[in-house]
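K.L.:
Below is a structure I'd like to ask you about.
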Amino acid sequence: MKKDIRDLLSFIKEAPTPYHTVAAASKRLNKAGFTELKLGEKWQLQSGGRYYVKAFDSTLLAFALGQEKGPLRIAAAHTDFPCFRLKPQPEITKEGYGVLNVEKYGGMMLRTWLDRPLALAGKAALRGADPFAPEVQLVNFQRPLLTIPSLAIHMDREVNDEGKLNAQKDMLPLAAVGGEELTADFFHAWLAKQLKVEQADILSYELSAYPYEEGSLCGLTEEFVSSPRLDNLTSVVACLQGLMAVDTAKMSGLRLTALFDNEEVGSQTKQGAGSAVLLQVLERIYLAMGKGREEMLADIAAGFMLSVDVAHALHPNFMDKCDPSHKPVLGGGVVLKQAASQSYAGDTEAVAVVRGLCEKNAILWQHFVNRSDSRGGSTLGSIASALVPLRTMDIGVPLLAMHSARELMHGSDQSALNKLIKEFLS
């Protein structure tokens, strides 16, 4: 378990944005012998080969080809997580203070971001010789740069009774103080200095604030993991490890891991699970292997996908928030998520397949269903399987404090998820 958690926390440290998630995944795939392909180039594939392709730097699809015809199995997760993104002109000066104008990305628990040291990461596009080919830099300023200070209780006596926060008014990070010397472009000037370029050459950027403090073990026996971005890097790591463990010399068929961006904002983007990217990659694999569209569609119809995303655990201080008979707990194993509304993908056979895999391989598992008077969440499984119609099941590790700046899980659940996905993709 400790090795699994070290691997997870190491990956999380490398991955403060979806771009860095894909970069960290690419590094591990390269080391495992995978070959990178480009969406804009012709593919040459071989049986037994291991490949990956990036879509717009924040989505990645990796696959392994067996020696002969066999089943199609896909494990999918998402690379993004709730955070604050800087607006294009972020500088606001107030009585000598320099704060940054930010917007929410995804469903955030705002209060959990207060009073934390925050770093910045993302990418910047710089002026190049060709306007259609700007120079893009991946950046990660790995030090505390910002903080969002709370208002003192002496000035807000009702904070413990109400505590409502306004994202535009209350959540602007403090970045600098400088009196009259603080210029209107203080952030752009700072950014140009960090990138070692002229300010006018910074054409665009996408920078996110992230908690600077790293993940750690906690609990009386160090059984818990407290960390940012457990949603959904727990799943990304499990999907990658499962695919990298595949032995293509003994495997038949196609195994694919899809890591999509933009799940936290609905998936309906060019690099999201609601795009054509998965179907297009599958079609290109079949074409490059000399197979037709009809054969691909037949394999899709007989295929299976795991949609891997975190699940809600029973909270000891809020027991009534769980369904009366479906109460997944930390340390209870992989969660099978079901919803009559199909906000989670799954059907009778899908549940039976995953449960059978768990029981055959002594993997702990448990059920999650929303309370009947609660809307609950959703994930990419139903979206992706509507575009690529194959049987799909939503699973994941149970969490407390989901969508907090720092979430909590049990270390053994990561080990259970890693084992399940390895067995599924083998």
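Following the order of the structure tokens, first chain is A, next is B, and so on, with residues numbered from 1 inside each chain and ligands from 1 in the order they appear.
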Near segment 30-37 of chain A, within 9 Å and counting only C-alpha atoms, which residues show up once chain neighbours fewer than 6 positions away are dropped, as a PyMOL selection string?

P.N.:
chain A and resi 43-44+49-54+62-64+244-245

K.L.:
Okay, now the selection with all heavy atoms, as an mmCIF file, in the first residue's frame?

P.N.:
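Output contents, as saved in again_2.cif:
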```
data_model
loop_
_atom_site.group_PDB
_atom_site.id
_atom_site.type_symbol
_atom_site.label_atom_id
_atom_site.label_comp_id
_atom_site.auth_asym_id
_atom_site.auth_seq_id
_atom_site.Cartn_x
_atom_site.Cartn_y
_atom_site.Cartn_z
ATOM 1 N N TRP A 43 -0.379 7.265 -39.177
ATOM 2 C CA TRP A 43 0.086 6.305 -38.179
ATOM 3 C C TRP A 43 0.558 5.009 -38.835
ATOM 4 O O TRP A 43 -0.095 4.486 -39.754
ATOM 5 C CB TRP A 43 -1.027 5.972 -37.185
ATOM 6 C CG TRP A 43 -1.442 7.129 -36.322
ATOM 7 C CD1 TRP A 43 -0.933 8.391 -36.323
ATOM 8 C CD2 TRP A 43 -2.448 7.115 -35.315
ATOM 9 N NE1 TRP A 43 -1.551 9.180 -35.392
ATOM 10 C CE2 TRP A 43 -2.497 8.419 -34.752
ATOM 11 C CE3 TRP A 43 -3.322 6.150 -34.823
ATOM 12 C CZ2 TRP A 43 -3.391 8.761 -33.733
ATOM 13 C CZ3 TRP A 43 -4.204 6.483 -33.812
ATOM 14 C CH2 TRP A 43 -4.227 7.777 -33.272
ATOM 15 N N GLN A 44 1.667 4.491 -38.337
ATOM 16 C CA GLN A 44 2.157 3.170 -38.694
ATOM 17 C C GLN A 44 2.175 2.332 -37.418
ATOM 18 O O GLN A 44 2.949 2.611 -36.505
ATOM 19 C CB GLN A 44 3.566 3.261 -39.293
ATOM 20 C CG GLN A 44 3.670 4.110 -40.547
ATOM 21 C CD GLN A 44 3.015 3.462 -41.738
ATOM 22 O OE1 GLN A 44 2.897 2.225 -41.810
ATOM 23 N NE2 GLN A 44 2.569 4.266 -42.691
ATOM 24 N N GLY A 49 2.415 -3.606 -30.470
ATOM 25 C CA GLY A 49 2.925 -2.270 -30.232
ATOM 26 C C GLY A 49 2.213 -1.560 -29.098
ATOM 27 O O GLY A 49 1.075 -1.905 -28.729
ATOM 28 N N ARG A 50 2.872 -0.541 -28.543
ATOM 29 C CA ARG A 50 2.332 0.262 -27.442
ATOM 30 C C ARG A 50 2.519 1.731 -27.829
ATOM 31 O O ARG A 50 3.646 2.174 -28.110
ATOM 32 C CB ARG A 50 3.069 -0.058 -26.137
ATOM 33 C CG ARG A 50 2.851 -1.489 -25.648
ATOM 34 C CD ARG A 50 4.078 -2.068 -24.951
ATOM 35 N NE ARG A 50 4.371 -1.448 -23.679
ATOM 36 C CZ ARG A 50 3.883 -1.860 -22.502
ATOM 37 N NH1 ARG A 50 3.068 -2.904 -22.454
ATOM 38 N NH2 ARG A 50 4.225 -1.261 -21.379
ATOM 39 N N TYR A 51 1.419 2.491 -27.821
ATOM 40 C CA TYR A 51 1.437 3.837 -28.380
ATOM 41 C C TYR A 51 0.614 4.795 -27.509
ATOM 42 O O TYR A 51 -0.223 4.368 -26.712
ATOM 43 C CB TYR A 51 0.842 3.834 -29.802
ATOM 44 C CG TYR A 51 1.476 2.847 -30.734
ATOM 45 C CD1 TYR A 51 0.957 1.539 -30.864
ATOM 46 C CD2 TYR A 51 2.589 3.181 -31.504
ATOM 47 C CE1 TYR A 51 1.532 0.625 -31.721
ATOM 48 C CE2 TYR A 51 3.166 2.264 -32.369
ATOM 49 C CZ TYR A 51 2.643 0.997 -32.476
ATOM 50 O OH TYR A 51 3.218 0.080 -33.324
ATOM 51 N N TYR A 52 0.864 6.097 -27.703
ATOM 52 C CA TYR A 52 -0.006 7.105 -27.094
ATOM 53 C C TYR A 52 -0.062 8.336 -27.974
ATOM 54 O O TYR A 52 0.834 8.591 -28.788
ATOM 55 C CB TYR A 52 0.455 7.455 -25.673
ATOM 56 C CG TYR A 52 1.712 8.283 -25.571
ATOM 57 C CD1 TYR A 52 1.650 9.686 -25.497
ATOM 58 C CD2 TYR A 52 2.970 7.678 -25.521
ATOM 59 C CE1 TYR A 52 2.810 10.445 -25.384
ATOM 60 C CE2 TYR A 52 4.127 8.428 -25.411
ATOM 61 C CZ TYR A 52 4.045 9.819 -25.341
ATOM 62 O OH TYR A 52 5.181 10.575 -25.238
ATOM 63 N N VAL A 53 -1.141 9.093 -27.822
ATOM 64 C CA VAL A 53 -1.350 10.309 -28.594
ATOM 65 C C VAL A 53 -1.972 11.357 -27.681
ATOM 66 O O VAL A 53 -2.838 11.048 -26.864
ATOM 67 C CB VAL A 53 -2.232 10.035 -29.835
ATOM 68 C CG1 VAL A 53 -3.603 9.488 -29.438
ATOM 69 C CG2 VAL A 53 -2.393 11.289 -30.686
ATOM 70 N N LYS A 54 -1.501 12.599 -27.810
ATOM 71 C CA LYS A 54 -2.032 13.709 -27.015
ATOM 72 C C LYS A 54 -2.984 14.535 -27.870
ATOM 73 O O LYS A 54 -2.758 14.720 -29.063
ATOM 74 C CB LYS A 54 -0.881 14.588 -26.503
ATOM 75 C CG LYS A 54 0.010 13.890 -25.495
ATOM 76 C CD LYS A 54 1.077 14.810 -24.946
ATOM 77 C CE LYS A 54 2.228 14.973 -25.909
ATOM 78 N NZ LYS A 54 3.385 15.672 -25.279
ATOM 79 N N ALA A 62 -3.780 6.342 -24.694
ATOM 80 C CA ALA A 62 -2.691 5.381 -24.849
ATOM 81 C C ALA A 62 -3.297 4.006 -25.088
ATOM 82 O O ALA A 62 -4.375 3.694 -24.569
ATOM 83 C CB ALA A 62 -1.807 5.379 -23.608
ATOM 84 N N PHE A 63 -2.594 3.178 -25.878
ATOM 85 C CA PHE A 63 -3.174 1.872 -26.183
ATOM 86 C C PHE A 63 -2.089 0.843 -26.452
ATOM 87 O O PHE A 63 -0.942 1.170 -26.782
ATOM 88 C CB PHE A 63 -4.139 1.966 -27.371
ATOM 89 C CG PHE A 63 -3.557 2.532 -28.639
ATOM 90 C CD1 PHE A 63 -3.040 1.705 -29.622
ATOM 91 C CD2 PHE A 63 -3.531 3.902 -28.861
ATOM 92 C CE1 PHE A 63 -2.517 2.214 -30.794
ATOM 93 C CE2 PHE A 63 -3.012 4.437 -30.032
ATOM 94 C CZ PHE A 63 -2.497 3.589 -31.007
ATOM 95 N N ALA A 64 -2.501 -0.408 -26.270
ATOM 96 C CA ALA A 64 -1.636 -1.556 -26.521
ATOM 97 C C ALA A 64 -2.365 -2.504 -27.451
ATOM 98 O O ALA A 64 -3.558 -2.780 -27.273
ATOM 99 C CB ALA A 64 -1.282 -2.253 -25.206
ATOM 100 N N MET A 244 0.235 0.082 -18.533
ATOM 101 C CA MET A 244 1.670 -0.183 -18.633
ATOM 102 C C MET A 244 2.012 -1.609 -18.213
ATOM 103 O O MET A 244 3.052 -2.151 -18.611
ATOM 104 C CB MET A 244 2.452 0.836 -17.799
ATOM 105 C CG MET A 244 2.424 2.241 -18.385
ATOM 106 S SD MET A 244 3.518 3.432 -17.555
ATOM 107 C CE MET A 244 2.776 3.530 -15.926
ATOM 108 N N ALA A 245 1.140 -2.233 -17.425
ATOM 109 C CA ALA A 245 1.384 -3.609 -16.982
ATOM 110 C C ALA A 245 0.965 -4.647 -18.008
ATOM 111 O O ALA A 245 1.272 -5.843 -17.859
ATOM 112 C CB ALA A 245 0.638 -3.860 -15.665
#
```

K.L.:
Fewer than 4 positions away in the same chain doesn't count, so skip those; otherwise give me all residues within 10 Å of Glu180 of chain A, counting only C-alpha atoms, as a list in words.

P.N.:
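The filter keeps Thr93, Glu95, Gly96 and Tyr97 of chain A.
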
K.L.:
I need the residues from that last selection saved to file as a PDB file, in the first residue's frame (with C-alpha atoms), if you can.

P.N.:
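Output below, filename out-v2.pdb:
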```
ATOM      1  CA  THR A  93      -5.018  47.448  -7.484  1.00  0.00           C
ATOM      2  CA  GLU A  95      -5.057  51.048  -1.947  1.00  0.00           C
ATOM      3  CA  GLY A  96      -1.620  49.719  -2.764  1.00  0.00           C
ATOM      4  CA  TYR A  97      -2.600  46.040  -2.694  1.00  0.00           C
TER       5      TYR A  97
END
```

K.L.:
Under the rule of at most 6 Å, produce a per-residue listing of segment 294-337 of chain A near segment 393-408 of chain A: chain, number, name, the closest pair of atoms, and the distance in Å, as a tab-separated table, using only C-alpha atoms.

P.N.:
```
residue	atom	partner	partner_atom	distance
A:Leu306	CA	A:Met393	CA	5.1
A:Ser307	CA	A:Asp394	CA	4.7
A:Val308	CA	A:Ile395	CA	5.1
A:Asp309	CA	A:Gly396	CA	4.8
A:Val310	CA	A:Gly396	CA	4.4
A:Ala311	CA	A:Pro398	CA	4.5
A:His312	CA	A:Pro398	CA	5.3
A:Ala313	CA	A:Pro398	CA	4.9
A:Leu330	CA	A:Pro398	CA	5.9
A:Val334	CA	A:Val397	CA	5.3
A:Val335	CA	A:Gly396	CA	5.4
A:Leu336	CA	A:Ile395	CA	4.7
A:Lys337	CA	A:Asp394	CA	5.5
```

K.L.:
DSSP on the backbone, then: every residue of segment 194-259 of chain A marked strand (DSSP E), written as a list in words.

P.N.:
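Those residues are Ile202, Leu203, Ser204, Tyr205, Glu206, Leu207, Ser208, Ala209, Tyr210, Pro211, Ser216, Leu217, Cys218, Phe224, Val225, Ser226, Ser227, Leu254, Arg255, Leu256, Thr257, Ala258 and Leu259 of chain A.
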
K.L.:
Given only C-alpha atoms, how would the per-residue table for segment 312-411 of chain A near segment 261-284 of chain A read, listing every residue at most 8 Å away with its closest atom pair and distance in Å to one decimal, sorted by chain and number, as a tab-separated table?

P.N.:
```
residue	atom	partner	partner_atom	distance
A:Thr379	CA	A:Glu263	CA	6.8
A:Leu380	CA	A:Ala273	CA	6.0
A:Ile383	CA	A:Gly274	CA	5.7
A:Ala384	CA	A:Ala273	CA	5.1
A:Leu387	CA	A:Gly274	CA	7.3
A:Val388	CA	A:Leu279	CA	6.2
```
